[in-house]
$ cat target.csv   # CSV, C-alpha atoms
chain,number,residue,atom,x,y,z
E,1,MET,CA,158.9,241.0,86.7
E,2,SER,CA,157.6,244.5,86.7
E,3,ASP,CA,160.9,245.7,85.0
E,4,THR,CA,160.2,243.6,82.0
E,5,ILE,CA,156.6,244.8,81.4
E,6,THR,CA,156.3,248.1,79.7
E,7,ASN,CA,153.1,250.1,79.6
E,8,ARG,CA,152.7,251.5,76.1
E,9,PHE,CA,150.3,254.2,77.4
E,10,ALA,CA,152.3,255.2,80.4
E,11,ASP,CA,153.8,258.3,78.8
E,12,GLY,CA,150.5,259.8,77.7
E,13,ASP,CA,150.3,257.7,74.6
E,14,ALA,CA,146.5,257.2,75.1
E,15,PRO,CA,144.6,254.7,72.9
E,16,SER,CA,143.1,256.2,69.7
E,17,GLU,CA,139.5,257.3,69.6
E,18,ASP,CA,139.3,255.6,66.2
E,19,PRO,CA,138.7,251.8,66.8
E,20,VAL,CA,140.2,250.9,63.5
E,21,ASP,CA,143.3,252.9,64.2
E,22,ASP,CA,143.4,251.4,67.7
E,23,ALA,CA,143.6,248.0,66.1
E,24,ARG,CA,147.1,248.7,64.9
E,25,PRO,CA,149.7,247.3,67.2
E,26,ALA,CA,152.2,249.4,69.1
E,27,PRO,CA,155.7,249.7,67.6
E,28,GLY,CA,157.6,246.5,68.4
E,29,ASP,CA,154.4,244.5,68.9
E,30,GLU,CA,153.8,243.8,65.2
E,31,LYS,CA,154.9,240.1,65.4
E,32,MET,CA,152.8,239.2,68.4
E,33,TRP,CA,150.2,236.6,67.5
E,34,THR,CA,147.4,238.8,69.0
E,35,ALA,CA,148.5,241.7,66.8
E,36,ARG,CA,148.7,239.5,63.7
E,37,LEU,CA,145.3,237.9,64.4
E,38,ARG,CA,143.7,241.2,65.1
E,39,GLY,CA,145.2,242.8,62.0
E,40,ALA,CA,144.0,239.9,59.8
E,41,GLY,CA,140.5,240.2,61.3
E,42,VAL,CA,140.3,243.9,60.7
E,43,ARG,CA,141.7,243.6,57.2
E,44,ALA,CA,139.2,240.8,56.3
E,45,LEU,CA,136.2,242.5,57.8
E,46,PRO,CA,136.7,246.2,58.6
E,47,PRO,CA,133.8,247.7,60.5
E,48,SER,CA,132.5,249.5,57.4
E,49,LYS,CA,132.1,246.2,55.6
E,50,LEU,CA,130.8,244.3,58.6
E,51,LEU,CA,127.9,246.8,59.1
E,52,PRO,CA,127.7,249.0,56.0
E,53,ASP,CA,125.3,252.1,55.9
E,54,ARG,CA,124.4,251.7,52.3
E,55,GLN,CA,124.2,248.8,49.8
E,56,PRO,CA,124.3,248.7,46.0
E,57,SER,CA,120.9,249.2,44.3
E,58,TYR,CA,120.7,245.5,43.2
E,59,VAL,CA,120.5,244.5,46.9
E,60,ALA,CA,117.0,245.8,46.8
E,61,SER,CA,115.5,242.3,46.0
E,62,TRP,CA,113.1,239.9,47.6
E,63,VAL,CA,115.8,237.2,47.4
E,64,TYR,CA,117.6,238.8,50.4
E,65,ILE,CA,114.4,239.2,52.3
E,66,PHE,CA,113.9,235.5,51.9
E,67,GLY,CA,117.5,234.9,53.2
E,68,ILE,CA,116.9,237.1,56.3
E,69,LEU,CA,113.5,235.5,56.9
E,70,SER,CA,115.2,232.1,57.0
E,71,PHE,CA,117.6,233.5,59.6
E,72,ALA,CA,114.7,235.0,61.6
E,73,SER,CA,112.9,231.6,61.5
E,74,PHE,CA,116.1,230.0,62.7
E,75,ILE,CA,116.2,232.3,65.8
E,76,VAL,CA,112.5,231.4,66.6
E,77,ILE,CA,113.5,227.7,66.2
E,78,LEU,CA,116.3,228.1,68.7
E,79,LEU,CA,114.2,230.0,71.2
E,80,SER,CA,111.2,227.7,71.1
E,81,GLY,CA,113.6,224.7,71.2
E,82,VAL,CA,115.2,226.0,74.4
E,83,VAL,CA,111.7,226.2,76.0
E,84,LEU,CA,111.0,222.6,74.9
E,85,ILE,CA,114.3,221.4,76.3
E,86,VAL,CA,113.6,223.1,79.7
E,87,ARG,CA,110.1,221.6,80.1
E,88,GLY,CA,110.5,218.2,78.5
E,89,PRO,CA,108.3,215.7,76.4
E,90,SER,CA,105.4,215.2,78.8
E,91,TRP,CA,104.9,219.0,78.9
E,92,TRP,CA,105.0,219.5,75.2
E,93,HIS,CA,102.6,216.6,74.6
E,94,GLU,CA,100.1,217.1,77.4
E,95,SER,CA,99.7,220.8,78.4
E,96,GLN,CA,98.1,223.4,76.2
E,97,VAL,CA,101.1,225.8,76.5
E,98,GLY,CA,103.4,222.9,75.7
E,99,LEU,CA,101.4,222.0,72.6
E,100,PHE,CA,101.6,225.7,71.6
E,101,PHE,CA,105.4,225.8,71.9
E,102,ASN,CA,105.6,222.5,70.1
E,103,SER,CA,103.6,224.0,67.3
E,104,ILE,CA,105.7,227.2,67.3
E,105,HIS,CA,108.8,225.0,66.9
E,106,LEU,CA,107.2,223.0,64.1
E,107,TRP,CA,105.9,226.0,62.1
E,108,SER,CA,109.1,228.0,62.5
E,109,VAL,CA,110.9,225.0,60.9
E,110,GLU,CA,108.3,225.0,58.1
E,111,LEU,CA,109.0,228.7,57.5
E,112,PHE,CA,112.8,228.2,57.8
E,113,PHE,CA,112.7,225.6,54.9
E,114,PHE,CA,110.1,227.6,52.9
E,115,PHE,CA,112.2,230.7,52.8
E,116,MET,CA,115.5,228.9,52.6
E,117,VAL,CA,114.3,227.1,49.4
E,118,LEU,CA,113.1,230.4,47.9
E,119,HIS,CA,116.5,232.0,48.8
E,120,LEU,CA,118.3,229.1,47.2
E,121,TRP,CA,116.2,229.2,44.0
E,122,GLY,CA,116.9,232.9,43.7
E,123,LYS,CA,120.6,232.6,44.2
E,124,PHE,CA,120.8,229.7,41.9
E,125,PHE,CA,119.3,231.6,39.0
E,126,MET,CA,121.5,234.6,39.8
E,127,ALA,CA,124.6,232.3,39.7
E,128,ALA,CA,125.5,233.8,43.0
E,129,TRP,CA,128.8,231.9,43.2
E,130,ARG,CA,130.4,234.3,40.7
E,131,GLY,CA,133.1,236.7,41.8
E,132,LYS,CA,135.0,234.5,44.3
E,133,ARG,CA,131.7,233.8,46.1
E,134,ALA,CA,131.9,230.0,45.8
E,135,LEU,CA,132.4,229.6,49.6
E,136,THR,CA,129.4,231.7,50.3
E,137,TRP,CA,127.3,229.5,48.0
E,138,MET,CA,128.7,226.3,49.4
E,139,THR,CA,128.1,227.3,53.1
E,140,GLY,CA,124.5,228.0,52.1
E,141,ALA,CA,124.1,224.7,50.4
E,142,VAL,CA,125.7,222.7,53.2
E,143,THR,CA,123.5,224.6,55.7
E,144,PHE,CA,120.5,223.4,53.7
E,145,ALA,CA,121.7,219.8,53.7
E,146,ILE,CA,122.5,219.7,57.5
E,147,SER,CA,119.2,221.4,58.2
E,148,ILE,CA,117.4,218.4,56.6
E,149,GLY,CA,119.3,216.2,59.1
E,150,ALA,CA,118.3,218.5,62.0
E,151,ALA,CA,114.6,218.4,61.0
E,152,PHE,CA,114.8,214.6,60.6
E,153,THR,CA,116.3,214.1,64.1
E,154,GLY,CA,113.6,216.4,65.3
E,155,TYR,CA,110.9,214.1,63.9
E,156,LEU,CA,112.7,211.2,65.7
E,157,SER,CA,112.7,213.1,69.0
E,158,GLN,CA,109.0,213.8,69.2
E,159,GLN,CA,108.4,210.8,71.5
E,160,ASN,CA,105.2,209.7,69.8
E,161,PHE,CA,104.0,207.1,67.3
E,162,ASP,CA,105.1,209.3,64.4
E,163,SER,CA,108.7,209.2,65.6
E,164,GLN,CA,108.6,205.4,66.1
E,165,TRP,CA,107.2,204.9,62.6
E,166,ILE,CA,109.7,207.3,60.9
E,167,SER,CA,112.7,205.7,62.8
E,168,THR,CA,111.7,202.2,61.9
E,169,GLN,CA,111.3,203.1,58.3
E,170,ALA,CA,114.4,205.2,58.1
E,171,LYS,CA,116.7,202.5,59.7
E,172,ASP,CA,116.5,200.3,56.6
E,173,GLY,CA,117.5,203.1,54.3
E,174,LEU,CA,120.4,204.2,56.5
E,175,ASN,CA,121.5,200.6,57.0
E,176,SER,CA,121.5,200.1,53.3
E,177,VAL,CA,124.1,202.8,52.8
E,178,GLY,CA,126.2,201.5,55.7
E,179,ILE,CA,125.9,204.2,58.3
E,180,GLY,CA,123.3,202.6,60.6
E,181,ALA,CA,125.9,201.6,63.2
E,182,LEU,CA,127.3,205.1,63.4
E,183,PHE,CA,123.9,206.9,63.2
E,184,ASN,CA,121.3,204.7,64.8
E,185,VAL,CA,117.9,206.2,64.3
E,186,LEU,CA,116.4,203.7,66.9
E,187,ASN,CA,118.7,205.1,69.5
E,188,PHE,CA,116.5,207.8,71.0
E,189,GLY,CA,119.3,209.3,73.2
E,190,GLN,CA,121.6,209.6,70.2
E,191,MET,CA,119.0,211.2,68.0
E,192,LEU,CA,118.0,213.6,70.7
E,193,LEU,CA,121.5,214.8,71.3
E,194,TRP,CA,122.2,215.2,67.6
E,195,HIS,CA,119.0,217.2,67.4
E,196,VAL,CA,119.5,219.5,70.4
E,197,LEU,CA,123.2,220.0,70.3
E,198,LEU,CA,125.4,218.9,67.4
E,199,LEU,CA,123.2,219.8,64.4
E,200,PRO,CA,122.0,223.2,65.8
E,201,VAL,CA,125.7,224.1,66.5
E,202,PHE,CA,126.6,223.1,62.9
E,203,VAL,CA,123.7,225.0,61.4
E,204,GLY,CA,124.3,228.1,63.6
E,205,ALA,CA,128.0,228.2,62.9
E,206,LEU,CA,127.5,227.8,59.1
E,207,ILE,CA,124.9,230.5,59.1
E,208,GLY,CA,127.3,232.8,60.9
E,209,ILE,CA,130.1,232.0,58.4
E,210,HIS,CA,127.7,232.5,55.5
E,211,LEU,CA,126.6,235.9,56.8
E,212,LEU,CA,130.2,237.0,57.4
E,213,LEU,CA,131.2,235.8,53.9
E,214,VAL,CA,128.3,237.9,52.4
E,215,ARG,CA,129.6,240.9,54.3
E,216,ARG,CA,133.2,240.2,53.1
E,217,ARG,CA,132.6,239.4,49.5
E,218,GLY,CA,129.5,241.6,49.1
E,219,VAL,CA,126.4,240.6,47.2
E,220,VAL,CA,126.8,239.3,43.7
E,221,ARG,CA,126.1,241.7,40.8
E,222,PRO,CA,123.2,241.0,38.4
E,223,LEU,CA,124.0,238.8,35.4
E,224,PRO,CA,125.0,240.8,32.3
E,225,VAL,CA,122.4,241.1,29.5
E,226,ARG,CA,124.2,240.0,26.4
E,227,THR,CA,121.8,238.8,23.8
E,228,GLY,CA,118.3,239.3,22.6
E,229,ARG,CA,116.1,242.3,22.5
E,230,HIS,CA,117.3,243.9,25.7
E,231,ALA,CA,121.0,243.8,24.6
E,232,ARG,CA,120.1,245.3,21.1
E,233,THR,CA,118.1,248.1,22.8
E,234,ALA,CA,121.0,248.8,25.2
E,235,ARG,CA,123.6,248.9,22.3
E,236,ALA,CA,121.3,251.2,20.3
E,237,ARG,CA,121.1,253.7,23.2
E,238,THR,CA,124.9,253.8,23.8
E,239,PRO,CA,126.5,253.3,20.4
E,240,ALA,CA,129.8,254.9,21.4
E,241,ALA,CA,130.1,253.2,24.8
E,242,PRO,CA,133.4,251.3,25.2
E,243,PRO,CA,133.3,247.7,26.2
E,244,SER,CA,133.2,247.5,29.9
E,245,SER,CA,133.3,244.8,32.5
E,246,GLU,CA,131.1,246.8,34.8
E,247,GLY,CA,128.5,244.6,36.4
E,248,VAL,CA,130.2,241.4,35.3
E,249,ASP,CA,131.6,239.2,38.0
E,250,ARG,CA,133.3,236.0,37.1
Y,1,MET,CA,91.1,227.8,66.3
Y,2,LEU,CA,92.3,227.1,62.8
Y,3,GLY,CA,92.2,223.4,63.6
Y,4,ALA,CA,88.4,223.7,63.9
Y,5,LEU,CA,88.2,225.2,60.4
Y,6,VAL,CA,90.6,222.8,58.7
Y,7,ASN,CA,90.3,219.3,60.1
Y,8,LEU,CA,93.8,217.8,60.1
Y,9,ASN,CA,92.9,214.9,62.4
Y,10,HIS,CA,92.9,212.2,59.8
Y,11,THR,CA,95.4,210.3,57.7
Y,12,GLY,CA,97.1,212.3,54.9
Y,13,HIS,CA,95.8,212.4,51.4
Y,14,TYR,CA,98.1,211.3,48.6
Y,15,LEU,CA,98.4,211.9,44.9
Y,16,HIS,CA,99.6,209.0,42.7
Y,17,TRP,CA,101.0,209.5,39.2
Y,18,GLY,CA,102.8,206.4,38.0
Y,19,PHE,CA,105.7,205.8,40.4
Y,20,ILE,CA,105.4,209.3,41.8
Y,21,GLN,CA,103.6,209.6,45.1
Y,22,ILE,CA,103.3,212.8,47.0
Y,23,SER,CA,101.1,214.0,49.9
Y,24,VAL,CA,98.6,216.8,49.2
Y,25,ALA,CA,100.2,218.8,52.0
Y,26,ASN,CA,103.7,218.6,50.4
Y,27,ILE,CA,102.4,219.5,46.9
Y,28,VAL,CA,100.5,222.5,48.4
Y,29,VAL,CA,103.7,223.8,50.1
Y,30,ILE,CA,105.7,223.3,46.9
Y,31,LEU,CA,103.1,225.1,44.8
Y,32,LEU,CA,103.0,227.9,47.3
Y,33,MET,CA,106.7,228.3,47.1
Y,34,VAL,CA,106.5,228.5,43.3
Y,35,VAL,CA,103.8,231.2,43.6
Y,36,VAL,CA,105.7,233.3,46.1
Y,37,PHE,CA,108.9,233.0,43.9
Y,38,VAL,CA,107.1,234.1,40.8
Y,39,ALA,CA,105.5,237.0,42.8
Y,40,ALA,CA,108.9,238.0,44.1
Y,41,VAL,CA,110.3,238.1,40.6
Y,42,ALA,CA,107.3,240.0,39.2
Y,43,ILE,CA,106.5,242.5,42.0
Y,44,PRO,CA,108.8,245.5,42.1
Y,45,PHE,CA,110.8,246.0,45.3
Y,46,ARG,CA,110.3,249.4,46.9
Y,47,THR,CA,113.7,250.8,47.9
Y,48,GLY,CA,112.9,254.1,49.5
Y,49,GLY,CA,115.8,255.6,47.6
Y,50,ARG,CA,118.5,254.7,50.2
Y,51,HIS,CA,120.7,252.7,47.9
Y,52,ARG,CA,123.8,253.6,46.0

$ encode --input "target.csv" --output "structure tokens"
Amino acid sequence: MSDTITNRFADGDAPSEDPVDDARPAPGDEKMWTARLRGAGVRALPPSKLLPDRQPSYVASWVYIFGILSFASFIVILLSGVVLIVRGPSWWHESQVGLFFNSIHLWSVELFFFFMVLHLWGKFFMAAWRGKRALTWMTGAVTFAISIGAAFTGYLSQQNFDSQWISTQAKDGLNSVGIGALFNVLNFGQMLLWHVLLLPVFVGALIGIHLLLVRRRGVVRPLPVRTGRHARTARARTPAAPPSSEGVDR
Amino acid sequence: MLGALVNLNHTGHYLHWGFIQISVANIVVILLMVVVFVAAVAIPFRTGGRHR
């Protein structure tokens, strides 16, 4: 067995100090699935793209602050939710510390939606799907939709009169569209599991993909100014400037 | 102690306009989002000169 295994570093061929260079397979290993997968990963997201030192000037915008505030709120939601899972309903309803963590969980959700809506408005008016960024836009939109479901199942998992009222009202709506048998809001165990496992995993995964797509595709350029007073002013300042697609992504 | 300053221990207040019905709490949040959005568009973003 040992005769068939060769050590590529045995003859002093030490691994490179450069991690990108080190990602290249050894001669003869190019067709191995590990080498191909690693190569595809590094090509799609080289370290300089994954964590760049500098960003274009148009990244200096509150819109991206709103995006990262949504993400920060999501982290607080997860952490406070883990504490609530560990201690259980009687703790979050009856003890002062439990009520505090219950409130932290609620208000971080409020902030999550608040900042996510602002981020969505900003990106909508920027037409942020330009320049092959449709998937980035769609993952954000789907994250928003699934988050509504996560918040809804959270209301159903409170174990109080609110959750009873909401579930009995919602069942008629969901039955009317034919999904009541699959998604039964009167089934507390089902709703709790959707809330603490499935939906957080979906939202977390989509946020991760969304952020990686932002790194891969970059942030969308500002919309070009074509008509009106600003365009006339710009043309007057640069009468000899050739037509350029700079700053225009389609 | 904000709960002592703003009493939330009552049924919600609602606004009615034809078939539109919305709670005061929800309309306050929506208006707050609009205010923050307009402020974000209007207020310049300080960069610190570290951008390309």

$ atom_distance --input "target.csv" --atom1 "CA of Thr47 in chain Y" --atom2 "CA of Phe66 in chain E"
15.8 Å

$ interface_residues --input "target.csv" --of "chain E" --to "chain Y" --cutoff "10 Å" --atoms "only C-alpha atoms" --output "list in words"
Asp53, Arg54, Gln55, Pro56, Ser57, Tyr58, Val59, Ala60, Ser61, Trp62, Val63, Ile65, Phe66, Glu110, Phe114, Phe115, Val117, Leu118, His119, Trp121 and Gly122 of chain E

$ atom_distance --input "target.csv" --atom1 "CA of Val142 in chain E" --atom2 "CA of Arg216 in chain E"
19.0 Å

$ atom_distance --input "target.csv" --atom1 "CA of Arg130 in chain E" --atom2 "CA of Arg221 in chain E"
8.6 Å

$ closest_residue --input "target.csv" --among "E:Leu50, E:Leu198, E:Ile104, E:Leu182" --to "Leu79 in chain E" --atoms "all atoms listed in the file"
E:Ile104

$ residues_around --input "target.csv" --residues "Thr139 in chain E" --least-positions-apart "6" --cutoff "8 Å" --atoms "only C-alpha atoms" --output "MDAnalysis selection string"
chainID E and resid 206:207 209:210

$ closest_residue --input "target.csv" --among "E:Leu186, E:Val82, E:Leu45, E:Val109" --to "Ser147 in chain E" --atoms "all atoms listed in the file"
E:Val109
